[in-house]
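So this one's structure.cif, mmCIF, C-alpha atoms:
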```
data_structure
loop_
_atom_site.label_atom_id
_atom_site.label_comp_id
_atom_site.auth_asym_id
_atom_site.auth_seq_id
_atom_site.Cartn_x
_atom_site.Cartn_y
_atom_site.Cartn_z
CA MET A 1 -172.92 78.59 -42.53
CA ALA A 2 -171.92 80.01 -45.90
CA SER A 3 -174.60 81.29 -48.25
CA THR A 4 -175.78 79.23 -51.21
CA GLN A 5 -174.15 81.69 -53.62
CA GLN A 6 -170.79 81.35 -51.88
CA LEU A 7 -171.09 77.57 -51.91
CA LYS A 8 -171.93 77.59 -55.63
CA ARG A 9 -168.81 79.60 -56.36
CA ARG A 10 -166.64 77.30 -54.25
CA ILE A 11 -168.07 74.20 -55.95
CA GLY A 12 -167.41 75.73 -59.36
CA SER A 13 -163.84 76.64 -58.38
CA VAL A 14 -163.09 73.14 -57.09
CA LYS A 15 -164.58 71.59 -60.26
CA ASN A 16 -162.27 73.71 -62.39
CA THR A 17 -159.31 72.63 -60.27
CA LYS A 18 -160.37 69.01 -60.63
CA GLN A 19 -160.41 69.33 -64.42
CA ILE A 20 -156.87 70.72 -64.37
CA THR A 21 -155.49 68.04 -62.06
CA LYS A 22 -157.19 65.30 -64.07
CA ALA A 23 -155.64 66.61 -67.29
CA MET A 24 -152.21 66.81 -65.63
CA GLU A 25 -152.65 63.25 -64.35
CA LEU A 26 -153.35 61.96 -67.88
CA VAL A 27 -150.40 63.87 -69.34
CA ALA A 28 -148.07 62.56 -66.62
CA ALA A 29 -149.33 59.00 -67.19
CA SER A 30 -148.55 59.24 -70.89
CA LYS A 31 -145.07 60.65 -70.26
CA MET A 32 -144.46 58.09 -67.53
CA ARG A 33 -145.07 55.15 -69.87
CA LYS A 34 -142.61 56.49 -72.43
CA ALA A 35 -140.01 57.36 -69.79
CA THR A 36 -140.34 53.91 -68.19
CA GLU A 37 -139.74 52.19 -71.53
CA SER A 38 -136.59 54.29 -72.09
CA ALA A 39 -135.33 53.54 -68.57
CA HIS A 40 -135.80 49.80 -69.01
CA ARG A 41 -133.97 49.80 -72.34
CA GLY A 42 -131.09 51.72 -70.78
CA ARG A 43 -130.64 49.11 -68.05
CA ASP A 44 -129.67 46.50 -70.63
CA TYR A 45 -127.10 48.86 -72.15
CA ARG A 46 -125.53 49.54 -68.76
CA LYS A 47 -125.34 45.81 -67.98
CA ALA A 48 -123.62 45.14 -71.31
CA ALA A 49 -120.99 47.80 -70.55
CA LEU A 50 -120.32 46.30 -67.12
CA ASP A 51 -120.01 42.81 -68.58
CA MET A 52 -117.47 44.03 -71.14
CA LEU A 53 -115.46 45.79 -68.46
CA SER A 54 -115.39 42.65 -66.31
CA LYS A 55 -114.01 40.64 -69.23
CA LEU A 56 -111.34 43.25 -69.94
CA SER A 57 -110.21 43.12 -66.31
CA SER A 58 -108.96 39.56 -66.88
CA VAL A 59 -106.25 40.69 -69.29
CA THR A 60 -105.05 43.94 -67.73
CA THR A 61 -104.34 45.36 -64.31
CA ILE A 62 -107.43 47.49 -64.07
CA ASN A 63 -106.51 49.26 -60.86
CA GLU A 64 -103.56 50.94 -62.59
CA HIS A 65 -105.92 53.00 -64.74
CA PRO A 66 -106.21 56.65 -63.55
CA LEU A 67 -110.02 56.51 -63.38
CA TYR A 68 -109.79 53.51 -61.05
CA ALA A 69 -107.21 55.04 -58.74
CA LYS A 70 -108.43 55.26 -55.16
CA ARG A 71 -107.28 58.23 -53.12
CA LYS A 72 -107.90 59.55 -49.67
CA VAL A 73 -111.24 61.34 -49.89
CA GLN A 74 -110.77 65.04 -49.25
CA ALA A 75 -113.38 66.34 -51.71
CA ILE A 76 -116.51 64.78 -53.17
CA LEU A 77 -118.38 65.85 -56.31
CA TYR A 78 -122.13 65.18 -56.38
CA LEU A 79 -124.29 65.02 -59.48
CA VAL A 80 -127.78 65.73 -58.13
CA ILE A 81 -130.77 65.09 -60.38
CA THR A 82 -133.97 67.01 -59.59
CA SER A 83 -136.78 68.43 -61.73
CA ASN A 84 -137.52 71.80 -63.28
CA ARG A 85 -141.15 71.74 -62.15
CA GLY A 86 -143.05 71.04 -58.98
CA LEU A 87 -146.35 69.25 -58.36
CA ALA A 88 -144.51 65.92 -58.21
CA GLY A 89 -145.16 64.96 -54.62
CA ALA A 90 -142.01 64.31 -52.57
CA TYR A 91 -139.79 63.74 -55.63
CA ASN A 92 -137.53 66.77 -55.17
CA SER A 93 -137.66 66.86 -51.37
CA ASN A 94 -136.50 63.23 -51.12
CA VAL A 95 -133.46 63.92 -53.31
CA ILE A 96 -132.62 67.11 -51.41
CA LYS A 97 -133.02 65.30 -48.09
CA THR A 98 -130.52 62.62 -49.16
CA LEU A 99 -128.06 65.26 -50.37
CA THR A 100 -128.41 67.23 -47.14
CA LYS A 101 -127.56 64.16 -45.06
CA GLU A 102 -124.41 63.48 -47.09
CA LEU A 103 -123.34 67.12 -46.92
CA SER A 104 -123.76 67.03 -43.14
CA VAL A 105 -121.56 63.94 -42.92
CA ASN A 106 -118.94 65.63 -45.10
CA ARG A 107 -118.87 68.71 -42.86
CA GLN A 108 -118.27 66.57 -39.81
CA ALA A 109 -115.48 64.68 -41.60
CA LYS A 110 -114.06 67.98 -42.97
CA VAL A 111 -114.54 66.82 -46.55
CA ALA A 112 -115.18 69.48 -49.19
CA SER A 113 -118.34 69.19 -51.31
CA LYS A 114 -118.90 70.19 -54.92
CA VAL A 115 -122.20 69.86 -56.73
CA ILE A 116 -123.48 69.67 -60.30
CA ILE A 117 -127.23 70.24 -60.37
CA VAL A 118 -129.73 68.97 -62.92
CA GLY A 119 -133.05 70.79 -62.52
CA ASN A 120 -134.14 74.18 -61.19
CA ARG A 121 -135.62 72.83 -57.97
CA GLY A 122 -132.31 71.56 -56.68
CA ALA A 123 -130.54 74.75 -57.76
CA GLN A 124 -133.04 76.93 -55.89
CA PHE A 125 -132.36 74.98 -52.71
CA LEU A 126 -128.56 74.85 -52.96
CA ARG A 127 -128.23 78.58 -53.65
CA ARG A 128 -129.37 79.08 -50.05
CA VAL A 129 -126.81 76.63 -48.62
CA GLU A 130 -123.44 78.02 -47.55
CA GLY A 131 -120.15 76.26 -48.07
CA ILE A 132 -121.19 74.42 -51.26
CA ASP A 133 -119.30 74.87 -54.52
CA ILE A 134 -121.86 74.67 -57.35
CA LEU A 135 -119.94 73.87 -60.54
CA ALA A 136 -122.84 73.89 -63.01
CA VAL A 137 -126.63 73.91 -63.31
CA TYR A 138 -128.39 72.08 -66.16
CA ASP A 139 -132.06 72.97 -66.60
CA ASP A 140 -132.56 72.31 -70.31
CA LEU A 141 -132.17 68.52 -70.68
CA GLY A 142 -135.89 67.98 -71.23
CA ASP A 143 -137.88 64.76 -70.87
CA LYS A 144 -135.91 62.85 -73.51
CA PRO A 145 -132.18 63.33 -72.90
CA ILE A 146 -129.78 61.77 -75.37
CA ALA A 147 -126.14 60.77 -75.06
CA SER A 148 -124.89 64.13 -76.36
CA ASP A 149 -126.76 65.88 -73.53
CA VAL A 150 -124.72 63.92 -71.02
CA ARG A 151 -121.34 64.71 -72.61
CA PRO A 152 -120.85 68.18 -70.98
CA ILE A 153 -121.63 66.70 -67.56
CA LEU A 154 -119.25 63.79 -68.20
CA ASN A 155 -116.44 66.10 -69.33
CA THR A 156 -116.73 68.18 -66.16
CA ILE A 157 -116.71 65.07 -63.97
CA LEU A 158 -113.68 63.54 -65.73
CA GLU A 159 -111.75 66.81 -65.58
CA GLU A 160 -112.46 67.30 -61.87
CA TYR A 161 -111.37 63.75 -61.06
CA SER A 162 -108.37 63.59 -63.40
CA THR A 163 -106.93 66.84 -62.02
CA GLU A 164 -107.48 65.51 -58.49
CA SER A 165 -109.78 68.41 -57.64
CA VAL A 166 -112.11 65.75 -56.21
CA ASP A 167 -111.37 62.26 -54.95
CA GLU A 168 -114.83 60.73 -55.39
CA VAL A 169 -117.84 61.32 -57.61
CA ARG A 170 -121.36 60.29 -56.65
CA VAL A 171 -124.72 60.51 -58.40
CA ILE A 172 -127.89 61.13 -56.36
CA TYR A 173 -131.00 60.24 -58.33
CA THR A 174 -134.40 58.55 -57.97
CA GLU A 175 -134.64 54.96 -59.17
CA HIS A 176 -137.91 53.89 -60.74
CA ARG A 177 -138.92 50.56 -59.16
CA SER A 178 -142.58 50.70 -60.23
CA SER A 179 -145.32 53.23 -60.85
CA ILE A 180 -145.91 53.54 -57.10
CA VAL A 181 -142.42 52.81 -55.70
CA GLN A 182 -139.46 55.12 -56.31
CA THR A 183 -136.36 55.24 -54.13
CA VAL A 184 -133.54 57.77 -53.92
CA GLU A 185 -130.12 56.22 -54.61
CA SER A 186 -126.60 57.53 -54.13
CA ILE A 187 -124.12 55.63 -56.30
CA LYS A 188 -120.37 56.06 -56.72
CA VAL A 189 -119.17 56.43 -60.31
CA LEU A 190 -115.55 57.45 -59.60
CA PRO A 191 -113.23 55.87 -58.76
CA ALA A 192 -114.76 53.52 -61.33
CA GLU A 193 -115.80 50.08 -60.21
CA TYR A 194 -116.89 47.04 -62.11
CA GLU A 195 -119.22 44.21 -61.21
CA SER A 196 -117.88 40.70 -61.21
CA ASP A 197 -119.43 37.46 -60.05
CA ASP A 198 -116.78 34.95 -58.97
CA ASP A 199 -119.28 32.09 -59.12
CA SER A 200 -120.13 32.68 -62.76
CA PRO A 201 -117.79 31.47 -65.53
CA ARG A 202 -115.65 34.21 -67.03
CA ALA A 203 -114.91 34.21 -70.71
CA ASP A 204 -111.26 33.64 -71.59
CA VAL A 205 -110.17 36.69 -73.59
CA SER A 206 -106.44 36.28 -73.07
CA ASN A 207 -106.00 35.18 -76.68
CA PHE A 208 -108.04 38.06 -78.09
CA THR A 209 -106.39 40.82 -80.11
CA PHE A 210 -107.39 44.36 -79.14
CA GLU A 211 -106.97 47.27 -81.52
CA PRO A 212 -105.34 49.64 -81.00
CA SER A 213 -104.53 48.28 -77.50
CA VAL A 214 -106.14 46.98 -74.34
CA GLU A 215 -105.39 50.27 -72.59
CA ASP A 216 -107.11 52.31 -75.28
CA VAL A 217 -110.12 50.00 -75.26
CA LEU A 218 -110.27 50.19 -71.47
CA GLU A 219 -110.08 54.00 -71.61
CA ASN A 220 -113.00 54.20 -74.02
CA VAL A 221 -115.12 51.59 -72.26
CA THR A 222 -114.58 53.18 -68.86
CA GLU A 223 -115.74 56.59 -70.09
CA ARG A 224 -118.71 54.97 -71.80
CA LEU A 225 -119.56 53.13 -68.58
CA ILE A 226 -119.58 56.37 -66.59
CA GLU A 227 -121.61 58.04 -69.35
CA VAL A 228 -124.12 55.18 -69.29
CA GLN A 229 -124.47 55.40 -65.51
CA ILE A 230 -125.20 59.14 -65.72
CA TRP A 231 -127.57 58.71 -68.65
CA GLN A 232 -129.37 55.83 -66.94
CA SER A 233 -129.71 57.91 -63.77
CA LEU A 234 -131.37 60.66 -65.82
CA LEU A 235 -133.80 58.21 -67.42
CA GLU A 236 -134.67 56.63 -64.06
CA SER A 237 -135.21 60.06 -62.52
CA ILE A 238 -137.48 61.22 -65.35
CA ALA A 239 -139.59 58.07 -65.08
CA SER A 240 -139.79 58.51 -61.29
CA GLU A 241 -140.74 62.18 -61.62
CA GLN A 242 -143.61 61.44 -63.99
CA SER A 243 -144.81 58.54 -61.83
CA MET A 244 -144.85 60.68 -58.71
CA ARG A 245 -146.51 63.55 -60.56
CA MET A 246 -149.18 61.18 -61.87
CA MET A 247 -149.88 59.85 -58.36
CA SER A 248 -149.83 63.37 -56.91
CA MET A 249 -152.34 64.64 -59.47
CA LYS A 250 -154.50 61.55 -58.95
CA ASN A 251 -154.59 62.22 -55.22
CA ALA A 252 -155.42 65.88 -55.90
CA THR A 253 -158.26 64.83 -58.22
CA ASP A 254 -159.64 62.42 -55.61
CA ASN A 255 -159.42 65.10 -52.92
CA ALA A 256 -161.23 67.55 -55.18
CA SER A 257 -164.03 65.02 -55.69
CA GLU A 258 -164.38 64.60 -51.92
CA ILE A 259 -164.44 68.36 -51.40
CA ILE A 260 -167.11 68.73 -54.11
CA ASP A 261 -169.22 66.07 -52.39
CA ASP A 262 -168.86 67.82 -49.01
CA LEU A 263 -169.66 71.23 -50.48
CA THR A 264 -172.63 69.82 -52.38
CA LEU A 265 -173.99 68.32 -49.18
CA GLU A 266 -173.44 71.62 -47.39
CA PHE A 267 -175.13 73.46 -50.28
CA ASN A 268 -178.16 71.15 -50.17
CA THR A 269 -178.38 71.56 -46.41
CA ALA A 270 -178.22 75.36 -46.69
CA ARG A 271 -180.76 75.35 -49.51
CA GLN A 272 -183.12 73.13 -47.53
CA ALA A 273 -182.74 75.36 -44.49
CA LYS A 274 -183.53 78.41 -46.61
CA ILE A 275 -186.64 76.73 -48.06
CA THR A 276 -187.76 75.66 -44.59
CA GLN A 277 -187.29 79.21 -43.31
CA GLU A 278 -189.28 80.65 -46.22
CA LEU A 279 -192.12 78.19 -45.63
CA ALA A 280 -192.12 79.06 -41.98
CA GLU A 281 -192.31 82.76 -42.80
CA ILE A 282 -195.17 82.17 -45.24
CA THR A 283 -197.04 80.06 -42.70
CA GLY A 284 -196.47 82.68 -40.02
CA GLY A 285 -197.75 85.41 -42.32
CA VAL A 286 -200.89 83.44 -43.14
CA GLU A 287 -201.56 82.86 -39.47
CA ALA A 288 -201.03 86.55 -38.75
CA MET A 289 -203.53 87.54 -41.44
CA LYS A 290 -206.16 85.36 -39.83
#
```

Encoded form using C-alpha cells:
Amino acid sequence: MASTQQLKRRIGSVKNTKQITKAMELVAASKMRKATESAHRGRDYRKAALDMLSKLSSVTTINEHPLYAKRKVQAILYLVITSNRGLAGAYNSNVIKTLTKELSVNRQAKVASKVIIVGNRGAQFLRRVEGIDILAVYDDLGDKPIASDVRPILNTILEEYSTESVDEVRVIYTEHRSSIVQTVESIKVLPAEYESDDDSPRADVSNFTFEPSVEDVLENVTERLIEVQIWQSLLESIASEQSMRMMSMKNATDNASEIIDDLTLEFNTARQAKITQELAEITGGVEAMK
C-alpha cells in the first residue's frame, strides 16, 4: 500500500487534471453551441442552391455541362476534413478509418488516389501512407471559416476535375446529428449532381429570361453549389469536433472524480491503519513498562 504522502500527491495531481478537463469541457461546450448554429444556418443555404439547380435543369440539358460529365473513374480526389488538435475522442480516427477503407478499395480496383487534407491530424497520418498523392494541406482555417477560406480548395478541385486529372471528387467529413451523435460521411461533389423530387411540383421557368444566359447562370450556380457543399462540410465537422471534445472532456472529468474518490478511500484506509499501528505500539510500550 502506498504511503499517505504519496497518496496526497496523487490526489492533488488528479484534482489539478480534473480542473483542466472541466475548463476544456466548458470551452468546448461554448464553441460547440456557436458551431452548431452556424452549421444549421448553412444547411438552409445548401438546400436553396440545390432547389435553384433543380429548376434550372428544366430549361437546359444539364448533363452537357463539363462539371456534370461522367467519366470512367481512374483517379479519385478526396477532401478529408480532420482537426488540428487532439483530445476529441474518436473524431479524427473515425475519419481516417473511413478514408483508409476507401483507399484500400481503390488499390484493389487500381484507381489512383489524391488527397487534400484539412487539419494537421490527417496530414500526420497520410504522410506515413505510401502511394498517396497529397495535393495540399490546410491547417489554418480556424473555428469560423468563411467563404473566402474555401475558395483555394474549390479552385484546386475544379482545376483537377476540369483537366481530367481526376474523374471523381469526394468529401469525407463528420456530420453533426446531435451533441452526442456524429457520423462520418463520404459524399460525391463531382461529377456534380442535383436533387430532384419527381413527386413534388416543379416550377415552370421556361418563360424566364436569364442574363447573360442559362449556361452562364448554370456555371455560376454549379460552382456555388460545390462551394456550399465544401463549406457546409467544414461547418458540420467543426460542430462535430467540439461536441466530441466536450463529451471526451466530460468523461475525463468524471473519471478523475472517480479516481479521486478511490484514492481518498485508500488514503483514509492507510491513515486509519497508521493510527491503529501507532496505538498498538503505544499500548505495547505501556504494557512493557509495567

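Here CA of Lys15 in chain A and CA of Ile259 in chain A stand 9.4 Å from one another.
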
Hey, could you make a per-residue contact list for range 148-266 of chain A against range 113-127 of chain A with 10 Å as the cut-off, showing the nearest pair of atoms and its distance in Å to one decimal, counting all atoms listed in the file, sorted by chain and number, as JSON lines?
```
{"residue": "A:Ile153", "atom": "CA", "partner": "A:Ile116", "partner_atom": "CA", "distance": 8.1}
{"residue": "A:Thr156", "atom": "CA", "partner": "A:Ile116", "partner_atom": "CA", "distance": 9.1}
{"residue": "A:Ile157", "atom": "CA", "partner": "A:Ile116", "partner_atom": "CA", "distance": 9.0}
{"residue": "A:Glu160", "atom": "CA", "partner": "A:Lys114", "partner_atom": "CA", "distance": 9.9}
{"residue": "A:Ser165", "atom": "CA", "partner": "A:Lys114", "partner_atom": "CA", "distance": 9.7}
{"residue": "A:Val166", "atom": "CA", "partner": "A:Lys114", "partner_atom": "CA", "distance": 8.2}
{"residue": "A:Val169", "atom": "CA", "partner": "A:Lys114", "partner_atom": "CA", "distance": 9.3}
{"residue": "A:Arg170", "atom": "CA", "partner": "A:Val115", "partner_atom": "CA", "distance": 9.6}
{"residue": "A:Val171", "atom": "CA", "partner": "A:Ile116", "partner_atom": "CA", "distance": 9.4}
{"residue": "A:Ile172", "atom": "CA", "partner": "A:Ile117", "partner_atom": "CA", "distance": 10.0}
{"residue": "A:Tyr173", "atom": "CA", "partner": "A:Val118", "partner_atom": "CA", "distance": 9.9}
{"residue": "A:Leu234", "atom": "CA", "partner": "A:Val118", "partner_atom": "CA", "distance": 9.0}
```

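The set of residues that the PyMOL selection byres ((chain A and resi 252) around 12) takes from this file is Val14, Lys15, Thr17, Lys18, Gln19, Ile20, Thr21, Lys22, Ala23, Met24, Glu25, Leu87, Ala88, Gly89, Arg245, Met246, Met247, Ser248, Met249, Lys250, Asn251, Thr253, Asp254, Asn255, Ala256, Ser257, Glu258 and Ile259 of chain A.
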
Item to complete: Please work out which residues fall within 12 Å of (-170.7, 68.6, -52.2), coordinates as given in the file, with only C-alpha atoms counting, and return them as an MDAnalysis selection string.
Response: chainID A and resid 4 7:12 14:15 255:270

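For range 176-179 of chain A, the residues within 7 Å (counting all atoms listed in the file, excluding itself and residues fewer than 4 positions away along the chain) are Thr183, Glu236, Ser237, Ala239, Ser240 and Ser243 of chain A.
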
Worksheet, complete the sentence: In terms of only C-alpha atoms, the residue from A:Ile96, A:Ala273, A:Ala69, A:Leu235 at minimal distance from Glu37 in chain A is A:Leu235

Worksheet entry | Point (-137.9, 67.3, -67.4) neighbourhood (7 Å, all atoms listed in the file) written as a list in words | Ser83, Asn84, Leu141, Gly142, Asp143 and Ile238 of chain A

Using C-alpha atoms, can you export the residues from the last selection as a PDB file, keeping the file's coordinate frame?
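part19.pdb, written as the output of this step:
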```
ATOM      1  CA  SER A  83    -136.780  68.430 -61.730  1.00  0.00           C
ATOM      2  CA  ASN A  84    -137.520  71.800 -63.280  1.00  0.00           C
ATOM      3  CA  LEU A 141    -132.170  68.520 -70.680  1.00  0.00           C
ATOM      4  CA  GLY A 142    -135.890  67.980 -71.230  1.00  0.00           C
ATOM      5  CA  ASP A 143    -137.880  64.760 -70.870  1.00  0.00           C
ATOM      6  CA  ILE A 238    -137.480  61.220 -65.350  1.00  0.00           C
TER       7      ILE A 238
END
```

Item to complete: Tell me which residues the PyMOL selection byres ((chain A and resi 191) around 7) grabs here, as a count of residues only.
Response: 9

Fill in: Pick from A:Gln108, A:Gln182, A:Thr163, A:Gln232 nearest to Ser38 in chain A, counting all atoms listed in the file
A:Gln232

Discussion item. Using Å and a single decimal, report how far CA of Pro145 in chain A sits from CA of Ser93 in chain A.
Written reply: 22.5 Å

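Reported to one decimal place, the separation of CA of Gly131 in chain A from CA of Asp149 in chain A is 28.3 Å.
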
Show which residues sit within 9 Å of Thr222 in chain A, as a JSON list (two decimals) with C-alpha atoms, in the frame of the given file. Count all atoms listed in the file, and ignore same-chain residues fewer than 4 positions away.
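Below is the file selection.json, written as the result:
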```json
[["chain", "number", "residue", "atom", "x", "y", "z"],
["A", 49, "ALA", "CA", -120.99, 47.80, -70.55],
["A", 53, "LEU", "CA", -115.46, 45.79, -68.46],
["A", 67, "LEU", "CA", -110.02, 56.51, -63.38],
["A", 192, "ALA", "CA", -114.76, 53.52, -61.33],
["A", 217, "VAL", "CA", -110.12, 50.00, -75.26],
["A", 218, "LEU", "CA", -110.27, 50.19, -71.47],
["A", 226, "ILE", "CA", -119.58, 56.37, -66.59],
["A", 227, "GLU", "CA", -121.61, 58.04, -69.35]]
```

To box range 228-233 of chain A, take all atoms listed in the file, fit an axis-aligned box, add 8 Å on each side, and give centre and edge lengths in Å to one decimal, as lines of an AutoDock Vina configuration file.
```
center_x = -126.9
center_y = 57.2
center_z = -66.5
size_x = 21.6
size_y = 20.0
size_z = 21.5
```

Please output range 106-123 of chain A, rebuilt to include N, CA and C atoms, as a short mmCIF file (atom, residue, chain, number, x, y, z; two decimals), in the coordinates of the input.
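In the end it all went to selection.cif:
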```cif
data_model
loop_
_atom_site.label_atom_id
_atom_site.label_comp_id
_atom_site.auth_asym_id
_atom_site.auth_seq_id
_atom_site.Cartn_x
_atom_site.Cartn_y
_atom_site.Cartn_z
N ASN A 106 -120.19 65.08 -44.57
CA ASN A 106 -118.94 65.63 -45.10
C ASN A 106 -118.41 66.76 -44.22
N ARG A 107 -119.32 67.61 -43.73
CA ARG A 107 -118.87 68.71 -42.86
C ARG A 107 -118.22 68.17 -41.59
N GLN A 108 -118.82 67.15 -41.02
CA GLN A 108 -118.27 66.57 -39.81
C GLN A 108 -116.91 65.92 -40.06
N ALA A 109 -116.75 65.33 -41.24
CA ALA A 109 -115.48 64.68 -41.60
C ALA A 109 -114.50 65.66 -42.24
N LYS A 110 -114.89 66.95 -42.36
CA LYS A 110 -114.06 67.98 -42.97
C LYS A 110 -113.69 67.62 -44.41
N VAL A 111 -114.70 67.16 -45.14
CA VAL A 111 -114.54 66.82 -46.55
C VAL A 111 -115.26 67.89 -47.37
N ALA A 112 -114.58 68.45 -48.34
CA ALA A 112 -115.18 69.48 -49.19
C ALA A 112 -116.23 68.87 -50.11
N SER A 113 -117.24 69.67 -50.47
CA SER A 113 -118.34 69.19 -51.31
C SER A 113 -118.51 70.10 -52.51
N LYS A 114 -118.58 69.49 -53.68
CA LYS A 114 -118.90 70.19 -54.92
C LYS A 114 -120.14 69.55 -55.52
N VAL A 115 -120.92 70.36 -56.24
CA VAL A 115 -122.20 69.86 -56.73
C VAL A 115 -122.42 70.30 -58.18
N ILE A 116 -122.92 69.37 -58.98
CA ILE A 116 -123.48 69.67 -60.30
C ILE A 116 -124.96 69.38 -60.22
N ILE A 117 -125.79 70.36 -60.55
CA ILE A 117 -127.23 70.24 -60.37
C ILE A 117 -127.91 70.07 -61.72
N VAL A 118 -128.82 69.11 -61.78
CA VAL A 118 -129.73 68.97 -62.92
C VAL A 118 -131.12 69.32 -62.41
N GLY A 119 -131.72 70.38 -62.95
CA GLY A 119 -133.05 70.79 -62.52
C GLY A 119 -133.04 72.06 -61.69
N ASN A 120 -134.05 72.90 -61.91
CA ASN A 120 -134.14 74.18 -61.19
C ASN A 120 -134.45 74.01 -59.71
N ARG A 121 -135.21 72.98 -59.37
CA ARG A 121 -135.62 72.83 -57.97
C ARG A 121 -134.42 72.61 -57.06
N GLY A 122 -133.50 71.77 -57.49
CA GLY A 122 -132.31 71.56 -56.68
C GLY A 122 -131.44 72.80 -56.62
N ALA A 123 -131.35 73.54 -57.74
CA ALA A 123 -130.54 74.75 -57.76
C ALA A 123 -131.10 75.82 -56.82
#
```
